[in-house]
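Trainee: My structure is stored as protein_5.tsv, with TSV, C-alpha atoms.
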```tsv
chain	number	residue	atom	x	y	z
A	57	LEU	CA	113.91	46.54	92.41
A	58	LYS	CA	111.24	46.34	89.77
A	59	ILE	CA	109.63	49.71	89.09
A	60	LYS	CA	105.88	49.61	88.54
A	61	THR	CA	104.44	52.11	86.08
A	62	TYR	CA	100.99	53.09	84.93
A	63	PRO	CA	100.12	52.99	81.26
A	64	VAL	CA	99.83	56.47	79.80
A	65	TYR	CA	96.18	57.37	79.33
A	66	ALA	CA	95.66	59.22	76.06
A	67	GLY	CA	92.48	61.07	77.04
A	68	TYR	CA	92.05	63.78	79.63
A	69	ASN	CA	89.69	63.41	82.55
A	70	PHE	CA	88.16	66.63	83.83
A	71	ILE	CA	89.70	67.23	87.26
A	72	SER	CA	88.37	69.59	89.93
A	73	ILE	CA	90.73	70.55	92.74
A	74	ILE	CA	89.34	71.97	95.96
A	75	VAL	CA	91.77	74.13	97.96
A	76	PRO	CA	90.42	74.90	101.44
A	77	VAL	CA	92.02	78.04	102.94
A	78	LYS	CA	91.79	79.62	106.36
A	79	ASN	CA	94.17	82.38	107.43
A	80	GLU	CA	96.65	81.54	104.68
A	81	ALA	CA	97.70	85.10	103.74
A	82	ASP	CA	101.37	84.11	104.04
A	83	ARG	CA	101.07	81.13	101.67
A	84	ILE	CA	98.16	81.64	99.28
A	85	ILE	CA	100.15	83.38	96.51
A	86	GLU	CA	102.82	80.65	96.50
A	87	CYS	CA	100.11	77.97	96.43
A	88	ILE	CA	98.37	79.64	93.47
A	89	LYS	CA	101.72	80.01	91.66
A	90	HIS	CA	102.29	76.25	91.81
A	91	LEU	CA	98.70	75.39	90.87
A	92	ARG	CA	99.00	77.64	87.80
A	93	GLN	CA	102.16	75.82	86.68
A	94	MET	CA	100.50	72.43	86.35
A	95	GLU	CA	101.02	70.82	82.94
A	96	TYR	CA	97.44	69.90	82.11
A	97	PRO	CA	94.98	71.40	79.63
A	98	VAL	CA	93.33	74.47	81.17
A	99	ASP	CA	89.95	73.43	79.77
A	100	LYS	CA	90.25	70.03	81.49
A	101	HIS	CA	90.70	71.16	85.09
A	102	GLU	CA	89.41	73.71	87.54
A	103	ILE	CA	90.72	75.04	90.84
A	104	ILE	CA	88.15	75.94	93.50
A	105	ILE	CA	89.60	77.96	96.37
A	106	VAL	CA	87.26	77.94	99.38
A	107	ASN	CA	88.02	80.70	101.90
A	108	ASP	CA	86.80	79.49	105.29
A	109	ASN	CA	86.06	82.63	107.33
A	110	SER	CA	89.68	83.83	107.34
A	111	THR	CA	90.38	86.56	109.89
A	112	ASP	CA	93.65	87.65	108.26
A	113	ASN	CA	94.03	89.22	104.78
A	114	THR	CA	93.56	85.96	102.83
A	115	MET	CA	90.34	87.10	101.16
A	116	GLY	CA	91.79	90.54	100.38
A	117	ILE	CA	94.71	88.88	98.61
A	118	LEU	CA	92.39	86.56	96.69
A	119	LYS	CA	90.26	89.50	95.54
A	120	ASN	CA	93.31	91.33	94.20
A	121	VAL	CA	95.12	88.49	92.43
A	122	THR	CA	94.54	87.90	88.72
A	123	LEU	CA	93.50	84.30	88.21
A	124	PRO	CA	93.04	82.23	85.06
A	125	LYS	CA	89.48	81.48	83.95
A	126	ASN	CA	89.62	77.94	85.36
A	127	PHE	CA	90.11	79.26	88.93
A	128	GLN	CA	87.18	80.25	91.12
A	129	ILE	CA	86.95	81.59	94.65
A	130	THR	CA	84.20	80.78	97.11
A	131	ASP	CA	84.03	82.97	100.21
A	132	ARG	CA	82.39	80.76	102.81
A	133	LYS	CA	80.43	82.70	105.43
A	134	ARG	CA	78.80	79.92	107.42
A	135	LYS	CA	80.72	78.19	110.17
A	136	GLU	CA	78.89	74.87	110.37
A	137	GLY	CA	80.66	71.68	109.46
A	138	PHE	CA	84.28	72.66	110.10
A	139	VAL	CA	86.55	70.98	107.50
A	140	ALA	CA	83.74	68.77	106.20
A	141	GLY	CA	81.58	71.87	105.69
A	142	VAL	CA	84.35	73.58	103.71
A	143	LEU	CA	84.81	70.52	101.51
A	144	ASN	CA	81.05	70.19	100.99
A	145	ASP	CA	80.91	73.84	99.88
A	146	GLY	CA	83.75	73.09	97.47
A	147	LEU	CA	81.95	70.01	96.15
A	148	ASN	CA	78.83	72.12	95.58
A	149	SER	CA	80.93	74.33	93.28
A	150	ILE	CA	82.52	71.70	91.04
A	151	SER	CA	81.69	71.42	87.37
A	152	SER	CA	78.91	69.06	86.30
A	153	HIS	CA	81.34	67.22	84.00
A	154	THR	CA	83.98	66.56	86.67
A	155	ASP	CA	85.48	63.05	86.49
A	156	ILE	CA	87.96	63.29	89.37
A	157	VAL	CA	87.86	65.47	92.50
A	158	GLY	CA	91.01	66.38	94.40
A	159	ILE	CA	91.83	68.19	97.62
A	160	VAL	CA	95.11	70.07	97.98
A	161	ASP	CA	96.18	71.91	101.12
A	162	THR	CA	97.42	75.50	100.83
A	163	ASP	CA	100.72	74.81	102.54
A	164	CYS	CA	101.71	72.22	99.94
A	165	ILE	CA	103.72	72.61	96.75
A	166	VAL	CA	102.29	70.48	93.97
A	167	SER	CA	104.32	69.02	91.14
A	168	PRO	CA	103.72	70.51	87.66
A	169	LYS	CA	103.02	66.94	86.47
A	170	MET	CA	100.60	66.09	89.28
A	171	LEU	CA	97.41	66.11	87.19
A	172	LEU	CA	99.07	64.18	84.35
A	173	ARG	CA	100.04	61.48	86.83
A	174	VAL	CA	96.58	61.45	88.42
A	175	ASN	CA	94.99	61.26	84.96
A	176	ASP	CA	97.19	58.31	83.99
A	177	MET	CA	96.47	56.54	87.26
A	178	PHE	CA	92.72	56.90	87.00
A	179	GLY	CA	92.27	56.44	83.25
A	180	ARG	CA	88.65	56.01	82.25
A	181	ASP	CA	87.91	52.71	83.98
A	182	PHE	CA	89.54	53.12	87.39
A	183	LYS	CA	87.09	53.75	90.22
A	184	GLY	CA	88.68	54.53	93.53
A	185	ALA	CA	90.95	56.96	95.30
A	186	GLY	CA	94.62	57.91	95.29
A	187	GLN	CA	97.04	60.25	96.99
A	188	ILE	CA	99.62	62.63	95.56
A	189	GLN	CA	103.07	63.80	96.61
A	190	GLU	CA	103.38	67.35	97.92
A	191	TRP	CA	106.04	69.46	99.57
A	192	HIS	CA	105.24	71.92	102.34
A	193	HIS	CA	105.92	75.68	102.19
A	194	ASN	CA	106.31	75.99	105.94
A	195	CYS	CA	108.88	73.21	106.30
A	196	THR	CA	111.34	75.43	108.24
A	197	GLN	CA	108.79	77.26	110.38
A	198	ASN	CA	109.38	75.25	113.56
A	199	PHE	CA	110.52	71.86	114.80
A	200	LEU	CA	107.17	70.18	114.10
A	201	THR	CA	107.03	71.39	110.48
A	202	MET	CA	110.66	70.32	109.92
A	203	VAL	CA	109.87	66.82	111.21
A	204	GLN	CA	106.75	66.67	109.04
A	205	HIS	CA	108.81	67.67	105.99
A	206	LEU	CA	111.52	65.10	106.72
A	207	LEU	CA	108.84	62.42	107.10
A	208	CYS	CA	107.36	63.48	103.76
A	209	ILE	CA	110.81	63.22	102.10
A	210	TYR	CA	111.36	59.78	103.63
A	211	GLU	CA	107.92	58.48	102.62
A	212	ASN	CA	108.27	59.85	99.09
A	213	PHE	CA	111.69	58.19	98.82
A	214	CYS	CA	110.20	54.88	99.96
A	215	LEU	CA	107.38	55.23	97.44
A	216	GLN	CA	109.60	55.95	94.45
A	217	TYR	CA	109.46	52.30	93.38
A	218	THR	CA	105.70	51.95	93.77
A	219	PRO	CA	102.85	53.40	91.72
A	220	PHE	CA	101.19	54.99	94.76
A	221	PHE	CA	100.98	58.63	95.79
A	222	LYS	CA	101.46	60.25	99.20
A	223	VAL	CA	99.49	63.17	100.71
A	224	GLY	CA	96.70	65.12	98.95
A	225	HIS	CA	93.58	63.18	98.01
A	226	PHE	CA	91.84	62.38	94.73
A	227	ILE	CA	88.72	60.34	94.17
A	228	HIS	CA	86.87	59.29	91.03
A	229	ARG	CA	83.46	60.94	90.97
A	230	VAL	CA	80.65	58.42	90.92
```
Please express what this file holds, its structure, as structure tokens.

Mentor:
Amino acid sequence: LKIKTYPVYAGYNFISIIVPVKNEADRIIECIKHLRQMEYPVDKHEIIIVNDNSTDNTMGILKNVTLPKNFQITDRKRKEGFVAGVLNDGLNSISSHTDIVGIVDTDCIVSPKMLLRVNDMFGRDFKGAGQIQEWHHNCTQNFLTMVQHLLCIYENFCLQYTPFFKVGHFIHRV
């Protein structure tokens, strides 16, 4: 098989990641831990955590965790819009110099090199969207999550010889 690769892009796009959360008290700390470990300049990315009316202790945990300066928390009080409303609130919070916007689910484990790979894929001239590989925290919770995790492993294995990503969404800001 011929392996396709992206050219390495020397510059750094500014990337904003929106993390919608709702009743994620059991997973939010692990999610933040992985987001903090990303190998990308801190001044070139931001993480926007949008709490969507959680009824568990998610917001309490977020208030008590020490976050780097490139993390911000939005506590959403309105209920209109469901998931689209949460994402719109996140989009309203992104930096004015954002080049690429991403969405990462709380139950996913992101690779430390995720933003480097996204940056290389998008470069400065690419206009479009891509997906990233993620692993799920709750992969042993029940039969459904185990099947979802196995499917993710299979799809990621199949994609190892292609330049495409799986799960998690990024789009070049227009």

Trainee: How far is it from atom CA of A:Ile105 to atom CA of A:Val77, in Å with one decimal?

Mentor: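 Distance reported for this atom pair: 7.0 Å.
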
Trainee: Could you work out how far atom CA of A:Ile156 lies from atom CA of A:Phe178, giving the answer in Å with one decimal?

Mentor: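 Result for atom CA of A:Phe178 versus atom CA of A:Ile156: 8.3 Å, one decimal.
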
Trainee: Any idea what the distance is between atom CA of A:Gly179 and atom CA of A:Pro76?

Mentor: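 A separation of 26.0 Å between them.
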
Trainee: Nearest to A:Asn175: which of A:Ile84, A:His101, A:Val203, A:Ala140 is it, counting only C-alpha atoms?

Mentor: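 Nearest candidate to A:Asn175 out of A:Ile84, A:His101, A:Val203, A:Ala140: A:His101.
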
Trainee: Pick the closest to A:Pro124 from A:Ser110, A:Gln93, A:Asn144, A:Ser151: which is it, counting only C-alpha atoms?

Mentor: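 Counting only C-alpha atoms, the residue closest to A:Pro124 is A:Gln93.
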
Trainee: Need to verify the contact set: A:Lys169, 9 Å, all atoms listed in the file, exclusion of same-chain residues closer than 6 positions in sequence. Can you return it as a PyMOL selection string?

Mentor: chain A and resi 93-96

Trainee: Using all atoms listed in the file and a cutoff of 9 Å, can you tell me which residues are near (96.2, 61.4, 87.6) in the file's coordinates, and write them out as a ChimeraX atom specification?

Mentor: /A:69,71,156,169-179,186,188,226

Trainee: Closest to A:Thr162 among A:Thr122, A:Asn109, A:Gln128, A:Asn79, using all atoms listed in the file?

Mentor: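 Of A:Thr122, A:Asn109, A:Gln128, A:Asn79, the one nearest A:Thr162 is A:Asn79, counting all atoms listed in the file.
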
Trainee: Restricting the calculation to all atoms listed in the file: of A:Ile85, A:Val98, A:Ile227, A:Val142, which residue gets closest to A:Asn120?

Mentor: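 Among A:Ile85, A:Val98, A:Ile227, A:Val142, it is A:Ile85 that comes nearest to A:Asn120.
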
Trainee: Between A:Asp145, A:Asp155, A:Asp163, A:Asp82, which is the closest to A:Asn113 once you count all atoms listed in the file?

Mentor: A:Asp82
